[in-house]
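S.K.: Got a file for you: query04.tsv, TSV, C-alpha atoms (C1' of nucleotides).
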```tsv
chain	number	residue	atom	x	y	z
A	1	MET	CA	173.35	-98.88	-9.91
A	2	GLN	CA	172.36	-95.42	-8.66
A	3	GLU	CA	173.92	-93.65	-5.71
A	4	ILE	CA	172.48	-94.43	-2.30
A	5	THR	CA	171.53	-91.27	-0.40
A	6	GLY	CA	170.11	-93.23	2.51
A	7	LEU	CA	166.86	-91.28	2.45
A	8	GLU	CA	165.04	-93.25	-0.23
A	9	LEU	CA	162.85	-95.39	1.99
A	10	SER	CA	160.43	-94.84	4.86
A	11	PRO	CA	161.28	-96.23	8.31
A	12	LYS	CA	158.97	-99.20	7.87
A	13	LYS	CA	160.39	-100.11	4.49
A	14	VAL	CA	163.87	-99.96	5.91
A	15	GLU	CA	162.73	-102.51	8.50
A	16	TYR	CA	161.45	-104.76	5.76
A	17	LEU	CA	164.75	-104.72	3.90
A	18	LYS	CA	166.80	-105.28	7.04
A	19	PHE	CA	164.66	-108.27	7.92
A	20	LEU	CA	164.94	-109.73	4.42
A	21	PHE	CA	168.69	-109.24	4.56
A	22	LYS	CA	168.91	-110.99	7.91
A	23	LYS	CA	166.91	-113.95	6.62
A	24	GLY	CA	169.01	-114.18	3.53
A	25	ASP	CA	166.99	-116.22	1.11
A	26	LEU	CA	163.38	-116.56	0.02
A	27	VAL	CA	161.09	-115.20	2.73
A	28	ARG	CA	157.34	-115.64	3.07
A	29	THR	CA	155.22	-112.54	3.48
A	30	THR	CA	153.70	-114.17	6.56
A	31	ASP	CA	157.12	-114.39	8.20
A	32	ILE	CA	157.49	-110.70	7.59
A	33	SER	CA	154.10	-109.94	9.09
A	34	THR	CA	154.95	-112.00	12.16
A	35	GLU	CA	158.33	-110.35	12.62
A	36	LEU	CA	157.11	-106.81	12.09
A	37	ASN	CA	153.80	-107.25	13.90
A	38	VAL	CA	151.56	-106.27	11.03
A	39	ASP	CA	148.68	-107.98	9.29
A	40	PRO	CA	149.72	-110.36	6.49
A	41	SER	CA	147.80	-108.19	4.05
A	42	THR	CA	149.90	-105.23	5.12
A	43	SER	CA	153.18	-107.01	4.47
A	44	THR	CA	151.98	-108.19	1.08
A	45	LYS	CA	151.08	-104.65	0.11
A	46	THR	CA	154.33	-103.18	1.33
A	47	ILE	CA	156.24	-105.89	-0.49
A	48	ASN	CA	154.35	-104.99	-3.65
A	49	ASP	CA	155.52	-101.41	-3.22
A	50	LEU	CA	159.10	-102.49	-2.70
A	51	SER	CA	158.83	-104.80	-5.68
A	52	GLY	CA	157.50	-101.97	-7.83
A	53	SER	CA	160.55	-99.87	-7.01
A	54	GLY	CA	162.96	-102.71	-7.61
A	55	TYR	CA	164.15	-103.57	-4.12
A	56	VAL	CA	162.68	-107.07	-4.02
A	57	ASP	CA	161.38	-109.80	-6.28
A	58	HIS	CA	158.07	-111.22	-5.24
A	59	VAL	CA	156.56	-114.43	-6.55
A	60	PRO	CA	152.98	-114.44	-5.27
A	61	TYR	CA	152.20	-117.29	-2.86
A	62	ARG	CA	155.86	-118.30	-2.96
A	63	GLY	CA	157.96	-115.65	-1.31
A	64	VAL	CA	160.14	-112.59	-1.52
A	65	ARG	CA	163.82	-112.05	-1.97
A	66	LEU	CA	166.05	-109.01	-2.25
A	67	THR	CA	167.16	-107.88	-5.67
A	68	GLU	CA	170.79	-106.89	-6.20
A	69	LYS	CA	169.76	-103.31	-5.57
A	70	GLY	CA	167.73	-104.28	-2.51
A	71	ARG	CA	170.65	-106.20	-1.08
A	72	ALA	CA	172.98	-103.22	-1.49
A	73	TYR	CA	170.50	-100.98	0.28
A	74	ALA	CA	169.80	-103.49	3.03
A	75	GLU	CA	173.50	-103.87	3.68
A	76	PHE	CA	173.84	-100.13	4.03
A	77	PHE	CA	170.80	-99.98	6.31
A	78	VAL	CA	172.27	-102.60	8.63
A	79	ASN	CA	175.61	-100.82	8.73
A	80	ARG	CA	173.92	-97.50	9.33
A	81	HIS	CA	172.01	-98.96	12.24
A	82	ASN	CA	175.14	-100.43	13.73
A	83	ILE	CA	177.27	-97.33	13.33
A	84	LEU	CA	174.65	-95.07	14.86
A	85	SER	CA	174.13	-97.47	17.75
A	86	LEU	CA	177.84	-97.55	18.38
A	87	MET	CA	177.91	-93.76	18.32
A	88	LEU	CA	175.14	-93.46	20.90
A	89	SER	CA	176.79	-96.06	23.09
A	90	HIS	CA	179.82	-93.76	23.19
A	91	TYR	CA	177.60	-91.26	24.99
A	92	GLY	CA	176.47	-93.54	27.74
A	93	LEU	CA	173.45	-95.29	26.25
A	94	SER	CA	173.19	-99.01	26.89
A	95	ALA	CA	173.29	-101.33	23.90
A	96	GLU	CA	169.54	-101.87	24.09
A	97	ASP	CA	168.71	-98.20	24.52
A	98	ALA	CA	171.06	-97.20	21.72
A	99	CYS	CA	169.58	-99.83	19.45
A	100	SER	CA	165.97	-98.92	20.09
A	101	GLU	CA	166.69	-95.22	19.93
A	102	VAL	CA	168.42	-95.60	16.58
A	103	SER	CA	165.60	-97.73	15.23
A	104	ARG	CA	163.35	-94.74	15.56
A	105	PHE	CA	165.43	-92.29	13.55
A	106	GLU	CA	167.94	-94.18	11.40
A	107	ALA	CA	165.87	-93.85	8.23
A	108	PHE	CA	166.53	-90.11	8.28
A	109	VAL	CA	170.31	-90.20	8.46
A	110	SER	CA	172.08	-89.81	5.11
A	111	LYS	CA	174.77	-92.08	3.72
A	112	ASN	CA	177.10	-89.09	3.53
A	113	ALA	CA	176.77	-88.54	7.26
A	114	ILE	CA	177.27	-92.23	7.98
A	115	ASP	CA	180.40	-92.38	5.84
A	116	THR	CA	181.82	-89.39	7.68
A	117	ILE	CA	180.97	-90.77	11.11
A	118	CYS	CA	182.33	-94.16	10.16
A	119	GLY	CA	185.59	-92.63	9.02
A	120	ALA	CA	185.92	-90.60	12.21
A	121	MET	CA	185.49	-93.80	14.19
A	122	GLY	CA	188.24	-95.49	12.21
A	123	HIS	CA	185.87	-97.81	10.39
A	124	PRO	CA	185.01	-100.05	13.31
A	125	THR	CA	184.05	-103.63	12.52
A	126	VAL	CA	182.00	-104.34	15.60
A	127	SER	CA	179.10	-102.40	17.11
A	128	VAL	CA	176.88	-102.98	20.08
A	129	CYS	CA	174.25	-104.43	17.73
A	130	GLY	CA	176.30	-106.56	15.37
A	131	LYS	CA	179.16	-106.50	12.96
A	132	ILE	CA	179.90	-103.69	10.53
A	133	LYS	CA	181.07	-104.22	6.99
A	134	HIS	CA	182.72	-101.55	4.87
A	135	ILE	CA	181.97	-102.50	1.31
A	136	SER	CA	180.51	-99.23	0.21
A	137	CYS	CA	181.89	-96.92	2.84
A	138	VAL	CA	183.92	-94.24	1.12
A	139	SER	CA	186.97	-93.27	3.19
A	140	ARG	CA	186.82	-89.73	4.52
B	1	MET	CA	152.95	-80.22	33.69
B	2	GLN	CA	153.38	-83.71	32.25
B	3	GLU	CA	156.70	-85.40	31.53
B	4	ILE	CA	158.32	-84.65	28.19
B	5	THR	CA	159.25	-87.83	26.32
B	6	GLY	CA	160.46	-85.90	23.29
B	7	LEU	CA	158.37	-87.98	20.92
B	8	GLU	CA	155.09	-86.11	21.26
B	9	LEU	CA	155.24	-84.04	18.09
B	10	SER	CA	155.89	-84.65	14.40
B	11	PRO	CA	158.99	-83.17	12.77
B	12	LYS	CA	157.04	-80.30	11.26
B	13	LYS	CA	155.36	-79.41	14.51
B	14	VAL	CA	158.73	-79.38	16.22
B	15	GLU	CA	159.84	-76.85	13.62
B	16	TYR	CA	156.82	-74.72	14.35
B	17	LEU	CA	157.56	-74.64	18.07
B	18	LYS	CA	161.24	-73.93	17.55
B	19	PHE	CA	160.38	-71.02	15.28
B	20	LEU	CA	157.84	-69.61	17.72
B	21	PHE	CA	160.41	-69.90	20.47
B	22	LYS	CA	163.01	-68.08	18.41
B	23	LYS	CA	160.59	-65.24	17.63
B	24	GLY	CA	159.60	-64.95	21.24
B	25	ASP	CA	156.34	-63.04	21.18
B	26	LEU	CA	153.17	-62.92	19.12
B	27	VAL	CA	153.82	-64.37	15.67
B	28	ARG	CA	151.64	-64.13	12.59
B	29	THR	CA	150.72	-67.34	10.80
B	30	THR	CA	152.05	-65.79	7.62
B	31	ASP	CA	155.48	-65.34	9.14
B	32	ILE	CA	155.43	-69.03	9.96
B	33	SER	CA	154.43	-70.00	6.44
B	34	THR	CA	157.22	-67.86	5.02
B	35	GLU	CA	159.83	-69.26	7.37
B	36	LEU	CA	158.82	-72.90	6.95
B	37	ASN	CA	158.02	-72.65	3.26
B	38	VAL	CA	154.46	-73.83	3.48
B	39	ASP	CA	151.20	-72.38	2.28
B	40	PRO	CA	149.58	-69.93	4.74
B	41	SER	CA	146.60	-72.27	4.90
B	42	THR	CA	148.89	-75.04	6.01
B	43	SER	CA	150.40	-73.03	8.83
B	44	THR	CA	146.97	-71.95	10.02
B	45	LYS	CA	145.80	-75.55	10.14
B	46	THR	CA	148.88	-76.79	11.90
B	47	ILE	CA	148.62	-73.97	14.41
B	48	ASN	CA	145.02	-74.98	15.05
B	49	ASP	CA	146.26	-78.50	15.81
B	50	LEU	CA	148.95	-77.21	18.15
B	51	SER	CA	146.42	-74.95	19.79
B	52	GLY	CA	144.05	-77.88	20.28
B	53	SER	CA	146.74	-79.81	22.12
B	54	GLY	CA	147.73	-76.85	24.24
B	55	TYR	CA	151.12	-75.90	22.84
B	56	VAL	CA	150.08	-72.47	21.53
B	57	ASP	CA	147.41	-69.85	21.95
B	58	HIS	CA	145.98	-68.61	18.69
B	59	VAL	CA	143.85	-65.51	18.29
B	60	PRO	CA	142.49	-65.73	14.74
B	61	TYR	CA	143.63	-62.91	12.47
B	62	ARG	CA	145.93	-61.71	15.24
B	63	GLY	CA	148.68	-64.17	15.88
B	64	VAL	CA	150.08	-67.08	17.80
B	65	ARG	CA	152.15	-67.43	20.91
B	66	LEU	CA	153.52	-70.35	22.89
B	67	THR	CA	151.71	-71.46	26.00
B	68	GLU	CA	153.71	-72.26	29.10
B	69	LYS	CA	153.68	-75.90	28.03
B	70	GLY	CA	154.65	-75.01	24.47
B	71	ARG	CA	157.55	-72.92	25.70
B	72	ALA	CA	158.87	-75.80	27.82
B	73	TYR	CA	158.71	-78.14	24.85
B	74	ALA	CA	160.24	-75.64	22.46
B	75	GLU	CA	163.12	-75.06	24.83
B	76	PHE	CA	163.76	-78.79	24.95
B	77	PHE	CA	163.52	-79.04	21.17
B	78	VAL	CA	166.12	-76.32	20.71
B	79	ASN	CA	168.45	-77.97	23.21
B	80	ARG	CA	167.94	-81.34	21.61
B	81	HIS	CA	168.82	-79.93	18.24
B	82	ASN	CA	171.94	-78.30	19.59
B	83	ILE	CA	173.14	-81.31	21.54
B	84	LEU	CA	172.67	-83.66	18.59
B	85	SER	CA	174.41	-81.23	16.25
B	86	LEU	CA	177.32	-80.97	18.64
B	87	MET	CA	177.49	-84.76	18.82
B	88	LEU	CA	177.63	-85.14	15.03
B	89	SER	CA	180.26	-82.43	14.80
B	90	HIS	CA	182.41	-84.60	17.05
B	91	TYR	CA	182.42	-87.15	14.26
B	92	GLY	CA	183.64	-84.84	11.56
B	93	LEU	CA	180.49	-83.27	10.23
B	94	SER	CA	180.66	-79.55	9.54
B	95	ALA	CA	178.37	-77.29	11.53
B	96	GLU	CA	176.04	-76.89	8.54
B	97	ASP	CA	175.96	-80.59	7.72
B	98	ALA	CA	175.44	-81.56	11.34
B	99	CYS	CA	172.65	-79.04	11.67
B	100	SER	CA	170.79	-80.08	8.53
B	101	GLU	CA	171.28	-83.77	9.26
B	102	VAL	CA	169.88	-83.35	12.75
B	103	SER	CA	166.93	-81.37	11.46
B	104	ARG	CA	165.82	-84.46	9.61
B	105	PHE	CA	165.77	-86.84	12.55
B	106	GLU	CA	165.73	-84.90	15.80
B	107	ALA	CA	162.00	-85.37	16.33
B	108	PHE	CA	162.60	-89.09	16.86
B	109	VAL	CA	165.19	-88.82	19.61
B	110	SER	CA	163.84	-89.18	23.14
B	111	LYS	CA	164.46	-86.84	26.03
B	112	ASN	CA	165.95	-89.71	27.98
B	113	ALA	CA	168.57	-90.22	25.29
B	114	ILE	CA	169.29	-86.50	25.12
B	115	ASP	CA	169.71	-86.26	28.88
B	116	THR	CA	172.16	-89.14	28.82
B	117	ILE	CA	174.15	-87.75	25.91
B	118	CYS	CA	174.17	-84.31	27.49
B	119	GLY	CA	175.49	-85.73	30.72
B	120	ALA	CA	178.21	-87.71	28.92
B	121	MET	CA	179.30	-84.46	27.25
B	122	GLY	CA	179.52	-82.71	30.60
B	123	HIS	CA	176.51	-80.51	29.95
B	124	PRO	CA	178.08	-78.26	27.35
B	125	THR	CA	176.74	-74.75	27.07
B	126	VAL	CA	177.69	-74.07	23.47
B	127	SER	CA	177.00	-76.09	20.35
B	128	VAL	CA	177.78	-75.56	16.69
B	129	CYS	CA	174.23	-74.25	16.24
B	130	GLY	CA	173.70	-72.10	19.27
B	131	LYS	CA	173.77	-72.08	23.01
B	132	ILE	CA	172.51	-74.89	25.20
B	133	LYS	CA	170.56	-74.38	28.39
B	134	HIS	CA	170.13	-76.99	31.08
B	135	ILE	CA	166.90	-76.09	32.78
B	136	SER	CA	165.25	-79.45	32.48
B	137	CYS	CA	168.23	-81.68	31.87
B	138	VAL	CA	168.35	-84.30	34.60
B	139	SER	CA	171.94	-85.07	35.58
B	140	ARG	CA	173.00	-88.60	34.67
C	1	DA	C1'	138.72	-134.41	-4.41
C	2	DA	C1'	137.88	-132.03	-0.14
C	3	DT	C1'	139.52	-129.45	3.44
C	4	DT	C1'	142.65	-126.58	5.67
C	5	DT	C1'	146.12	-123.12	5.57
C	6	DA	C1'	148.49	-119.34	3.46
C	7	DT	C1'	148.32	-115.46	0.74
C	8	DT	C1'	146.43	-111.80	-1.88
C	9	DT	C1'	142.88	-108.36	-3.29
C	10	DG	C1'	139.44	-105.02	-2.35
C	11	DT	C1'	137.82	-101.81	0.58
C	12	DA	C1'	138.36	-98.83	4.36
C	13	DT	C1'	140.42	-95.91	8.14
C	14	DA	C1'	143.83	-92.71	10.28
C	15	DT	C1'	147.53	-89.36	10.34
C	16	DA	C1'	150.29	-85.90	8.36
C	17	DT	C1'	151.05	-82.93	4.86
C	18	DA	C1'	149.86	-79.40	1.51
C	19	DC	C1'	147.79	-76.92	-2.37
C	20	DC	C1'	144.07	-73.83	-4.35
C	21	DA	C1'	139.96	-71.20	-4.25
C	22	DA	C1'	136.63	-68.83	-1.64
C	23	DC	C1'	135.77	-66.04	2.08
C	24	DA	C1'	136.45	-62.94	6.34
C	25	DA	C1'	138.81	-59.63	9.02
C	26	DA	C1'	142.09	-55.80	9.80
C	27	DG	C1'	144.31	-51.83	8.53
C	28	DA	C1'	144.91	-48.03	5.33
C	29	DA	C1'	143.29	-44.47	2.30
C	30	DT	C1'	140.22	-41.49	0.65
D	1	DA	C1'	133.07	-43.97	7.85
D	2	DT	C1'	132.93	-46.46	3.63
D	3	DT	C1'	135.72	-48.60	0.38
D	4	DC	C1'	140.16	-50.85	-0.94
D	5	DT	C1'	143.94	-53.71	-0.12
D	6	DT	C1'	146.40	-56.76	2.47
D	7	DT	C1'	146.41	-60.42	5.51
D	8	DG	C1'	144.57	-64.46	7.49
D	9	DT	C1'	141.25	-68.38	7.62
D	10	DT	C1'	138.21	-72.09	5.99
D	11	DG	C1'	136.68	-75.70	2.97
D	12	DG	C1'	137.57	-78.76	-0.53
D	13	DT	C1'	140.63	-81.76	-2.49
D	14	DA	C1'	144.81	-84.47	-2.90
D	15	DT	C1'	149.02	-87.20	-1.76
D	16	DA	C1'	151.87	-90.44	0.98
D	17	DT	C1'	152.31	-93.70	4.55
D	18	DA	C1'	150.72	-97.21	7.33
D	19	DT	C1'	147.32	-100.06	8.75
D	20	DA	C1'	143.42	-103.73	9.11
D	21	DC	C1'	139.24	-106.56	8.09
D	22	DA	C1'	136.75	-109.37	5.03
D	23	DA	C1'	136.36	-111.82	0.88
D	24	DA	C1'	138.53	-114.29	-2.69
D	25	DT	C1'	141.98	-117.22	-4.30
D	26	DA	C1'	145.97	-120.31	-4.47
D	27	DA	C1'	148.64	-123.91	-2.37
D	28	DA	C1'	149.25	-127.71	0.62
D	29	DT	C1'	147.45	-131.52	3.17
D	30	DT	C1'	144.59	-135.23	4.22
```
Please lay out the structure from this file as structure tokens.
M.R.:
Amino acid sequence: MQEITGLELSPKKVEYLKFLFKKGDLVRTTDISTELNVDPSTSTKTINDLSGSGYVDHVPYRGVRLTEKGRAYAEFFVNRHNILSLMLSHYGLSAEDACSEVSRFEAFVSKNAIDTICGAMGHPTVSVCGKIKHISCVSR
Amino acid sequence: MQEITGLELSPKKVEYLKFLFKKGDLVRTTDISTELNVDPSTSTKTINDLSGSGYVDHVPYRGVRLTEKGRAYAEFFVNRHNILSLMLSHYGLSAEDACSEVSRFEAFVSKNAIDTICGAMGHPTVSVCGKIKHISCVSR
DNA sequence: AATTTATTTGTATATATACCAACAAAGAAT
DNA sequence: ATTCTTTGTTGGTATATATACAAATAAATT
């Protein structure tokens, strides 16, 4: 498995993986389109992209699920979101504001930066948005 | 002058304004292309865009300068960069890492968030990247 | 089997970015 | 001042991302 830099995927694709991770198992492309407010054809196409680069397996007309690689990335993406939200909440942003602010820029924050921030925080396990796991977080 | 949300311009356009602000006066499109590592044709086109939306004045074959509006935005962009860099440096990132990390995502952080963070920091005047001014920073 | 629903494919649009080649203007040199 | 050189601009083309509508197709339901 290659190194995660954190900058591999566009903001939208990060959303897709986080949603698939949250749902856990086989997910229908229509569920994705509902959740992310896009046309079903859009989610199918994006899923095809993600499938082509190995993040998901897609059985047409059946559903989508994360690959091993996709799961690892999704897990990082969720942690990244939570760590950044926690950070912003330390500077006076409400949970909701922190969360929505982070959603806009999280795709552009590297794994290196997240590992460093996470270490400086003492590897917290709870954020304002959800729990934080530390599977892949290198101690710094 | 309309309210600044901070989300008006793309990352590249933010770079353009920050560079123009740094240079101060009339700037040649070629200087921009050199600084931002883009083709001269690219900088000319982008400047035309920025001119169309009122951020710069462009006299073809002569140069570019910020409008009043452009200057106000650029000033905010520089402050935003510095405040975010300072924030990341609080979590163990070096000045260079903080600065380059922030460069990637700063365009997606709202003025509201920056004002809040800035207030929580006690309106610092110095960052790891440069000085911070507080002209337009609403106290929170 | 027929109909309805879900999904995919094909085509199309919009934004942002950027390169190259062709052209125009400005400044310098004769 | 007319040419030469440098600088700057425009037009054409291309990529990546994200999106949607309409048509086609597969699956599920009656």
S.K.: Fewer than 6 positions away in the same chain doesn't count, so skip those; otherwise give me all residues within 12 Å of DA20 in chain D, counting only C-alpha atoms (C1' of nucleotides), as a list in words.
M.R.: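 Listed by chain and then number, they are Asn37, Val38, Asp39, Pro40, Ser41, Thr42, Ser43 and Lys45 of chain A; DT11, DA12, DT13 and DA14 of chain C.
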S.K.: Hey, list the chain D side of the contact with chain A: 9 Å cut-off, only C-alpha atoms (C1' of nucleotides), answer as a list in words.
M.R.: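 The selection requested is DT17, DA18, DT19, DA20, DA26 and DA27 of chain D.
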S.K.: Measure the distance from C1' of DA2 in chain C to C1' of DT25 in chain D in Å and round it to one decimal.
M.R.: 15.9 Å
S.K.: Please check which residues have atoms at most 8 Å from (175.5, -94.1, 3.2) in the file's coordinates, counting only C-alpha atoms (C1' of nucleotides), and write them as a list in words.
M.R.: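 Protein, DNA and RNA residues close to (175.5, -94.1, 3.2): Ile4, Thr5, Gly6, Phe76, Arg80, Ser110, Lys111, Asn112, Ala113, Ile114, Asp115, Ser136 and Cys137 of chain A.
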S.K.: Please, can I see chain B fitted onto chain A by all in-order Cα atoms (least squares), as a compact mmCIF listing (two decimals) with C-alpha atoms, keeping the file's coordinate frame?
M.R.:
```txt
# COMPACT_ATOMS: atom_id res chain seq x y z
CA MET B 1 173.37 -98.93 -9.89
CA GLN B 2 172.39 -95.47 -8.68
CA GLU B 3 173.92 -93.66 -5.71
CA ILE B 4 172.48 -94.43 -2.30
CA THR B 5 171.52 -91.27 -0.42
CA GLY B 6 170.11 -93.23 2.50
CA LEU B 7 166.85 -91.30 2.44
CA GLU B 8 165.06 -93.30 -0.24
CA LEU B 9 162.86 -95.45 1.97
CA SER B 10 160.46 -94.91 4.86
CA PRO B 11 161.31 -96.31 8.29
CA LYS B 12 159.04 -99.30 7.84
CA LYS B 13 160.45 -100.17 4.46
CA VAL B 14 163.94 -100.01 5.90
CA GLU B 15 162.82 -102.56 8.47
CA TYR B 16 161.51 -104.79 5.74
CA LEU B 17 164.81 -104.74 3.87
CA LYS B 18 166.85 -105.31 7.01
CA PHE B 19 164.71 -108.31 7.88
CA LEU B 20 164.97 -109.76 4.38
CA PHE B 21 168.71 -109.29 4.53
CA LYS B 22 168.94 -111.05 7.87
CA LYS B 23 166.91 -114.01 6.59
CA GLY B 24 169.01 -114.24 3.48
CA ASP B 25 166.94 -116.29 1.08
CA LEU B 26 163.32 -116.60 0.02
CA VAL B 27 161.06 -115.22 2.75
CA ARG B 28 157.32 -115.64 3.11
CA THR B 29 155.21 -112.52 3.53
CA THR B 30 153.74 -114.10 6.64
CA ASP B 31 157.14 -114.36 8.25
CA ILE B 32 157.55 -110.66 7.63
CA SER B 33 154.19 -109.83 9.15
CA THR B 34 155.03 -111.89 12.22
CA GLU B 35 158.45 -110.31 12.65
CA LEU B 36 157.29 -106.73 12.10
CA ASN B 37 153.99 -107.12 13.91
CA VAL B 38 151.78 -106.08 11.05
CA ASP B 39 148.82 -107.70 9.38
CA PRO B 40 149.75 -110.15 6.59
CA SER B 41 147.81 -107.93 4.19
CA THR B 42 150.01 -105.04 5.16
CA SER B 43 153.23 -106.91 4.50
CA THR B 44 151.95 -108.10 1.14
CA LYS B 45 151.10 -104.55 0.12
CA THR B 46 154.38 -103.13 1.29
CA ILE B 47 156.25 -105.89 -0.51
CA ASN B 48 154.34 -105.01 -3.67
CA ASP B 49 155.55 -101.42 -3.27
CA LEU B 50 159.14 -102.53 -2.74
CA SER B 51 158.84 -104.85 -5.70
CA GLY B 52 157.53 -102.01 -7.85
CA SER B 53 160.58 -99.92 -7.04
CA GLY B 54 162.97 -102.78 -7.63
CA TYR B 55 164.17 -103.62 -4.14
CA VAL B 56 162.67 -107.13 -4.02
CA ASP B 57 161.37 -109.85 -6.28
CA HIS B 58 158.03 -111.23 -5.22
CA VAL B 59 156.49 -114.43 -6.53
CA PRO B 60 152.91 -114.37 -5.25
CA TYR B 61 152.07 -117.20 -2.87
CA ARG B 62 155.72 -118.22 -2.91
CA GLY B 63 157.88 -115.63 -1.28
CA VAL B 64 160.10 -112.61 -1.52
CA ARG B 65 163.79 -112.09 -1.98
CA LEU B 66 166.04 -109.06 -2.28
CA THR B 67 167.16 -107.94 -5.69
CA GLU B 68 170.77 -106.97 -6.21
CA LYS B 69 169.77 -103.37 -5.59
CA GLY B 70 167.74 -104.32 -2.52
CA ARG B 71 170.67 -106.25 -1.09
CA ALA B 72 172.99 -103.26 -1.51
CA TYR B 73 170.52 -101.01 0.27
CA ALA B 74 169.83 -103.51 3.02
CA GLU B 75 173.53 -103.90 3.67
CA PHE B 76 173.86 -100.14 4.02
CA PHE B 77 170.83 -100.01 6.30
CA VAL B 78 172.30 -102.63 8.61
CA ASN B 79 175.63 -100.81 8.72
CA ARG B 80 173.93 -97.51 9.33
CA HIS B 81 172.01 -98.97 12.22
CA ASN B 82 175.15 -100.43 13.72
CA ILE B 83 177.26 -97.32 13.32
CA LEU B 84 174.61 -95.08 14.85
CA SER B 85 174.08 -97.49 17.73
CA LEU B 86 177.80 -97.56 18.38
CA MET B 87 177.87 -93.77 18.34
CA LEU B 88 175.07 -93.49 20.91
CA SER B 89 176.74 -96.09 23.09
CA HIS B 90 179.74 -93.77 23.23
CA TYR B 91 177.51 -91.30 25.02
CA GLY B 92 176.37 -93.63 27.74
CA LEU B 93 173.39 -95.37 26.24
CA SER B 94 173.15 -99.09 26.87
CA ALA B 95 173.28 -101.39 23.87
CA GLU B 96 169.52 -101.97 24.06
CA ASP B 97 168.66 -98.30 24.48
CA ALA B 98 171.02 -97.26 21.71
CA CYS B 99 169.58 -99.88 19.42
CA SER B 100 165.94 -99.01 20.04
CA GLU B 101 166.63 -95.28 19.89
CA VAL B 102 168.38 -95.67 16.55
CA SER B 103 165.58 -97.80 15.19
CA ARG B 104 163.30 -94.82 15.51
CA PHE B 105 165.38 -92.36 13.52
CA GLU B 106 167.91 -94.21 11.40
CA ALA B 107 165.86 -93.88 8.22
CA PHE B 108 166.47 -90.13 8.28
CA VAL B 109 170.26 -90.21 8.45
CA SER B 110 172.03 -89.81 5.12
CA LYS B 111 174.74 -92.04 3.73
CA ASN B 112 177.05 -89.06 3.55
CA ALA B 113 176.69 -88.51 7.28
CA ILE B 114 177.21 -92.20 7.99
CA ASP B 115 180.34 -92.32 5.86
CA THR B 116 181.76 -89.34 7.72
CA ILE B 117 180.91 -90.73 11.14
CA CYS B 118 182.29 -94.12 10.17
CA GLY B 119 185.53 -92.55 9.05
CA ALA B 120 185.84 -90.51 12.26
CA MET B 121 185.44 -93.76 14.22
CA GLY B 122 188.21 -95.40 12.22
CA HIS B 123 185.86 -97.75 10.40
CA PRO B 124 185.03 -100.00 13.31
CA THR B 125 184.11 -103.57 12.53
CA VAL B 126 182.04 -104.31 15.61
CA SER B 127 179.13 -102.40 17.09
CA VAL B 128 176.89 -103.00 20.08
CA CYS B 129 174.30 -104.47 17.70
CA GLY B 130 176.35 -106.56 15.35
CA LYS B 131 179.23 -106.47 12.97
CA ILE B 132 179.93 -103.66 10.54
CA LYS B 133 181.10 -104.16 6.99
CA HIS B 134 182.74 -101.50 4.87
CA ILE B 135 181.96 -102.49 1.33
CA SER B 136 180.50 -99.21 0.23
CA CYS B 137 181.87 -96.87 2.85
CA VAL B 138 183.89 -94.18 1.13
CA SER B 139 186.93 -93.23 3.20
CA ARG B 140 186.76 -89.68 4.54
```
S.K.: Please compute the CA of Phe108 in chain A-CA of Phe105 in chain B distance, one decimal, in Å.
M.R.: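 CA of Phe105 in chain B lies at a distance of 5.4 Å from CA of Phe108 in chain A.
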S.K.: If you take only C-alpha atoms (C1' of nucleotides) and a cut-off of 8 Å, which residues of chain C touch chain B, and what are their nearest atom pairs and distances in Å to one decimal, in chain and number order, as JSON lines?
M.R.:
```
{"residue": "C:DA18", "atom": "C1'", "partner": "B:Thr42", "partner_atom": "CA", "distance": 6.3}
{"residue": "C:DC19", "atom": "C1'", "partner": "B:Asp39", "partner_atom": "CA", "distance": 7.3}
{"residue": "C:DA25", "atom": "C1'", "partner": "B:Tyr61", "partner_atom": "CA", "distance": 6.8}
{"residue": "C:DA26", "atom": "C1'", "partner": "B:Tyr61", "partner_atom": "CA", "distance": 7.7}
```
S.K.: Counting all atoms listed in the file, what are the residues of chain B within 7 Å of chain A, and for each of them which pair of atoms is the nearest and at what distance in Å, to one decimal? Sort the table by chain and rising number, as CSV.
M.R.:
```
residue,atom,partner,partner_atom,distance
B:Tyr91,CA,A:Ile117,CA,5.0
B:Gly92,CA,A:Ala120,CA,6.2
B:Leu93,CA,A:Thr116,CA,6.8
B:Glu101,CA,A:Val109,CA,6.6
B:Arg104,CA,A:Phe108,CA,5.8
B:Phe105,CA,A:Phe108,CA,5.4
B:Phe108,CA,A:Phe105,CA,5.4
B:Val109,CA,A:Glu101,CA,6.6
B:Thr116,CA,A:Gly92,CA,6.3
B:Ile117,CA,A:Tyr91,CA,5.0
B:Ala120,CA,A:Tyr91,CA,5.3
```
S.K.: Hey, can you check how far C1' of DA24 in chain D sits from C1' of DT9 in chain C?
M.R.: 7.4 Å
